[in-house]
Amino acid sequence: MKLDGSQICVLVSQLGYGGAERQTAVLLEELSRRHGLRPLVCSMSADLEPFGARIRGAGCELVHWNRRSSYEFRRVRFLRSLLRERGIRILHAVHYQALAYGWLARLGLPQVALVPAVRSTVYDPNLRKRAYYRATLSRCKLVISNSITGGQWLRQFYGVPSKRVMIVPNGLDPKLLAAAPDRAAVRHALGIPEGSPLVAFVGKINSHKGLPFLVRLFRRVLRDRPDAHLLLMGHGLTPAWVEENFGGEPRAHGLGTRNDVYDLLGSADALLLTSPTEGFPNCVLEAMVLGVPPVVTQVGECPYLIEHGEDGYLFEYDDEEEGARLLLQVLGDDALRQSLSLRARRKARTRYGTDAMVAGTLEAYQRALGSIFPLQAPELAGMR
C-alpha cells in the first residue's frame, strides 16, 4: 500500500516548550515542504504554543485534549477512536508519555504501526514506569533515537535489539540558520553593558539539568569576573527562580520561556551546560550554529558534537572548579573565543541539516509499515 500524510499520526505530550517539540515542528515543516506529507498531529495537552502555530503553518491538522492528570485512561480511548476513524497506519509517538499512550491505544489494531522516538537518556527512578517502558520498547519493531548515546541507552537499559534501533539525528531549524542576532540591541534591552561577558543557559527546571551545580559554578566565575552576566532561558527559569536560587544576584537574569531564544543565545559569549545526563542537547548544536562556544559537561552526545579545545570545551559533571576555569578562559580571551566560534559554526552547519532527519524518518516509516503490510519497491519509492 502507498502511504499519504493523512494516514500518519504524530503524537506528542505537549507543544509548549522543549527540544523534542521544536524538532517535531521542524520535521513536520520539512515533510510538508519537501514531500507534501502533512500528518495529523495529536497533542495530549492544551499547551500548544509556540510550536502549534508552526505545525499548523505547515498545513498539518492539530487536535488536542485537555489534561486532568498525568495518566488518564480516557485519553487512551480518545486516541484509539482517532486511530480507527482516521484510518491511521503509522503512529509516530514522540517521547515516553506519547509511547505509553500510543502502545495502549493501538492494542487490538494490528493495522497501526507504532514508531516511537525516544530522545532522553535520563534514568527514571520510578520502577513501574521503567518496567513498562522496557516491556514496550523491547517489543517495538523499531525505535528512533536522535543520538549515538541514545541508541546505546535503548540497547543497554531498555533491551531494544541493536537491529531495531534507528539513529535519526536532529536537524537544524531553518529559522536558526536564518537568525541574525543583534548583540547590542539584546544587551541594551536587558540592561547589560556591552563590554560585560555574557553566558547563556538554555534548559528548564529539571533534575537532569544540574541547576544546583550551575549556581555553584557561576558563583565561582563571579569571583574572578564580577562583571559577567548569566542568561537563564527555559520553562520555570523565571526571576522568582533566580531570586530563590541566586539570592537576588543582579547579574543572573531569569527570562523564562521565550520566543526569541536564537537572538538571546546568539548574543552570548559562551553557552554553559551543567547536566549530569543528556541525550542530544539541542542547545549545544544551536549555540554552535550561532557561533557561540559551548562549555559543557561531558555527557550524552556532547563528546561527539564537540572536539575539546577546538570548537568548545568539555568537563566532568560536578567539577565546578574545572568548569569555571574553562568558562573564564573563553570569556577572557577574545582571540580564543573567535577561533572556537568559527570552528563551531563551520562544523555545525556542515554536518547537521534537515536532510538526514527527513530521510531517516521516512525510512523508519517504511520499515514500520513494511512490518505490517509488505511493501513493493514502487510503493517504497512513492514515500521518498
# chains A, B, ... in the order shown; residues from 1 in each chain; ligands from 1
call {"tool": "residues_around", "arguments": {"residues": "Arg68 (chain A)", "least_positions_apart": "3", "cutoff": "12 Å", "atoms": "only C-alpha atoms", "output": "ChimeraX atom specification"}}
result
/A:44-46,65,71-75
call {"tool": "write_last_selection", "arguments": {"atoms": "N, CA and C atoms", "output": "PDB file, in the first residue's frame"}}
result
ATOM      1  N   MET A  44      -1.467  15.717  23.657  1.00  0.00           N
ATOM      2  CA  MET A  44      -2.173  15.257  24.843  1.00  0.00           C
ATOM      3  C   MET A  44      -2.344  16.357  25.876  1.00  0.00           C
ATOM      4  N   SER A  45      -2.163  17.587  25.438  1.00  0.00           N
ATOM      5  CA  SER A  45      -2.297  18.731  26.320  1.00  0.00           C
ATOM      6  C   SER A  45      -2.776  19.932  25.510  1.00  0.00           C
ATOM      7  N   ALA A  46      -3.408  20.889  26.189  1.00  0.00           N
ATOM      8  CA  ALA A  46      -3.820  22.126  25.521  1.00  0.00           C
ATOM      9  C   ALA A  46      -2.676  23.129  25.451  1.00  0.00           C
ATOM     10  N   TRP A  65      -6.507  17.349  23.484  1.00  0.00           N
ATOM     11  CA  TRP A  65      -7.500  17.271  24.548  1.00  0.00           C
ATOM     12  C   TRP A  65      -6.860  17.743  25.841  1.00  0.00           C
ATOM     13  N   TYR A  71      -1.724  10.623  33.900  1.00  0.00           N
ATOM     14  CA  TYR A  71      -2.142   9.450  33.135  1.00  0.00           C
ATOM     15  C   TYR A  71      -3.644   9.246  33.314  1.00  0.00           C
ATOM     16  N   GLU A  72      -4.345   9.200  32.194  1.00  0.00           N
ATOM     17  CA  GLU A  72      -5.802   9.067  32.201  1.00  0.00           C
ATOM     18  C   GLU A  72      -6.223   8.090  31.109  1.00  0.00           C
ATOM     19  N   PHE A  73      -7.025   7.110  31.492  1.00  0.00           N
ATOM     20  CA  PHE A  73      -7.430   6.104  30.508  1.00  0.00           C
ATOM     21  C   PHE A  73      -8.337   6.695  29.434  1.00  0.00           C
ATOM     22  N   ARG A  74      -9.041   7.782  29.764  1.00  0.00           N
ATOM     23  CA  ARG A  74      -9.920   8.391  28.762  1.00  0.00           C
ATOM     24  C   ARG A  74      -9.119   8.873  27.556  1.00  0.00           C
ATOM     25  N   ARG A  75      -7.863   9.218  27.780  1.00  0.00           N
ATOM     26  CA  ARG A  75      -7.038   9.665  26.664  1.00  0.00           C
ATOM     27  C   ARG A  75      -6.658   8.482  25.770  1.00  0.00           C
TER      28      ARG A  75
END
call {"tool": "residues_around", "arguments": {"residues": "region 203-207 of chain A", "least_positions_apart": "4", "cutoff": "9 Å", "atoms": "only C-alpha atoms", "output": "PyMOL selection string"}}
result
chain A and resi 18+211+232-237+256-257+273+275-276+283
call {"tool": "closest_residue", "arguments": {"among": "A:Val76, A:Leu99, A:Ala252, A:Leu11", "to": "Leu62 (chain A)", "atoms": "only C-alpha atoms"}}
result
A:Leu11
call {"tool": "residues_around", "arguments": {"residues": "Ala185 (chain A)", "least_positions_apart": "4", "cutoff": "12 Å", "atoms": "only C-alpha atoms", "output": "ChimeraX atom specification"}}
result
/A:180-181,189-194,263-264,266-267
call {"tool": "closest_residue", "arguments": {"among": "A:Tyr101, A:Phe78, A:Tyr313, A:Tyr365", "to": "Ser13 (chain A)", "atoms": "only C-alpha atoms"}}
result
A:Tyr101
call {"tool": "residues_around", "arguments": {"residues": "Glu61 (chain A)", "least_positions_apart": "6", "cutoff": "12 Å", "atoms": "only C-alpha atoms", "output": "number ranges by chain"}}
result
A: 5-6, 8-10, 28, 32, 37-43, 52-55, 86
call {"tool": "write_last_selection", "arguments": {"atoms": "C-alpha atoms", "output": "PDB file, in the first residue's frame"}}
result
ATOM      1  CA  GLY A   5       0.164  12.102   5.179  1.00  0.00           C
ATOM      2  CA  SER A   6      -3.424  11.581   6.316  1.00  0.00           C
ATOM      3  CA  ILE A   8       0.248   9.230   9.733  1.00  0.00           C
ATOM      4  CA  CYS A   9      -0.436  10.490  13.256  1.00  0.00           C
ATOM      5  CA  VAL A  10       2.315  12.237  15.210  1.00  0.00           C
ATOM      6  CA  LEU A  28       6.702  18.413  10.035  1.00  0.00           C
ATOM      7  CA  SER A  32       5.315  19.200   4.117  1.00  0.00           C
ATOM      8  CA  LEU A  37       3.231  14.883   3.626  1.00  0.00           C
ATOM      9  CA  ARG A  38       1.062  16.570   6.258  1.00  0.00           C
ATOM     10  CA  PRO A  39       0.421  14.161   9.140  1.00  0.00           C
ATOM     11  CA  LEU A  40      -2.317  14.550  11.699  1.00  0.00           C
ATOM     12  CA  VAL A  41      -0.761  15.871  14.917  1.00  0.00           C
ATOM     13  CA  CYS A  42      -2.298  14.958  18.251  1.00  0.00           C
ATOM     14  CA  SER A  43      -1.254  16.706  21.473  1.00  0.00           C
ATOM     15  CA  GLY A  52       1.472  24.616  17.444  1.00  0.00           C
ATOM     16  CA  ALA A  53       1.444  27.675  15.198  1.00  0.00           C
ATOM     17  CA  ARG A  54       4.390  26.339  13.195  1.00  0.00           C
ATOM     18  CA  ILE A  55       2.740  22.943  12.802  1.00  0.00           C
ATOM     19  CA  ARG A  86      -8.930   8.431  10.562  1.00  0.00           C
TER      20      ARG A  86
END
call {"tool": "residues_around", "arguments": {"residues": "region 129-145 of chain A", "least_positions_apart": "6", "cutoff": "7 Å", "atoms": "only C-alpha atoms", "output": "PyMOL selection string"}}
result
chain A and resi 115-119+151+158-160+164-168+368
call {"tool": "atom_distance", "arguments": {"atom1": "CA of Phe280 (chain A)", "atom2": "CA of Glu49 (chain A)"}}
result
22.5 Å
call {"tool": "atom_distance", "arguments": {"atom1": "CA of Pro294 (chain A)", "atom2": "CA of Pro50 (chain A)"}}
result
25.5 Å
call {"tool": "residues_around", "arguments": {"residues": "Asn170 (chain A)", "least_positions_apart": "2", "cutoff": "12 Å", "atoms": "only C-alpha atoms", "output": "NGL selection string"}}
result
:A and (19-27 or 117 or 119 or 144-148 or 167-168 or 172-173 or 279-286 or 301 or 305 or 348 or 351-361)
call {"tool": "atom_distance", "arguments": {"atom1": "CA of Leu114 (chain A)", "atom2": "CA of Leu369 (chain A)"}}
result
8.9 Å
call {"tool": "select_by_dssp", "arguments": {"residues": "region 127-171 of chain A", "states": "strand (DSSP E)", "output": "PyMOL selection string"}}
result
chain A and resi 143-145+165-167
call {"tool": "write_last_selection", "arguments": {"atoms": "N, CA and C atoms", "output": "PDB file, in the first residue's frame"}}
result
ATOM      1  N   VAL A 143      12.764   1.503  16.974  1.00  0.00           N
ATOM      2  CA  VAL A 143      12.716   2.660  17.863  1.00  0.00           C
ATOM      3  C   VAL A 143      13.711   3.691  17.340  1.00  0.00           C
ATOM      4  N   ILE A 144      13.254   4.933  17.199  1.00  0.00           N
ATOM      5  CA  ILE A 144      14.120   6.011  16.743  1.00  0.00           C
ATOM      6  C   ILE A 144      14.832   6.645  17.938  1.00  0.00           C
ATOM      7  N   SER A 145      16.134   6.860  17.788  1.00  0.00           N
ATOM      8  CA  SER A 145      16.890   7.674  18.736  1.00  0.00           C
ATOM      9  C   SER A 145      17.581   8.778  17.943  1.00  0.00           C
ATOM     10  N   VAL A 165      17.119  -0.460  16.476  1.00  0.00           N
ATOM     11  CA  VAL A 165      17.392   0.936  16.819  1.00  0.00           C
ATOM     12  C   VAL A 165      17.796   1.688  15.557  1.00  0.00           C
ATOM     13  N   MET A 166      17.110   2.789  15.285  1.00  0.00           N
ATOM     14  CA  MET A 166      17.451   3.656  14.163  1.00  0.00           C
ATOM     15  C   MET A 166      17.938   4.993  14.702  1.00  0.00           C
ATOM     16  N   ILE A 167      19.139   5.404  14.295  1.00  0.00           N
ATOM     17  CA  ILE A 167      19.660   6.706  14.690  1.00  0.00           C
ATOM     18  C   ILE A 167      19.246   7.724  13.634  1.00  0.00           C
TER      19      ILE A 167
END
call {"tool": "select_by_dssp", "arguments": {"residues": "region 154-276 of chain A", "states": "helix (DSSP H, G or I)", "output": "number ranges by chain"}}
result
A: 154-158, 162-164, 174-177, 183-190, 207-209, 211-224, 239-246, 261-266
call {"tool": "residues_around", "arguments": {"residues": "Ala240 (chain A)", "least_positions_apart": "2", "cutoff": "12 Å", "atoms": "only C-alpha atoms", "output": "list in words"}}
result
Leu232, Gly236, Leu237, Thr238, Val242, Glu243, Glu244, Asn245, Phe246, Gly247, Gly248, Glu249, Ala252, His253, Gly254, Leu255 and Gly256 of chain A
call {"tool": "closest_residue", "arguments": {"among": "A:Gln338, A:Glu30, A:Asp224, A:Gly370", "to": "Gln111 (chain A)", "atoms": "only C-alpha atoms"}}
result
A:Gly370
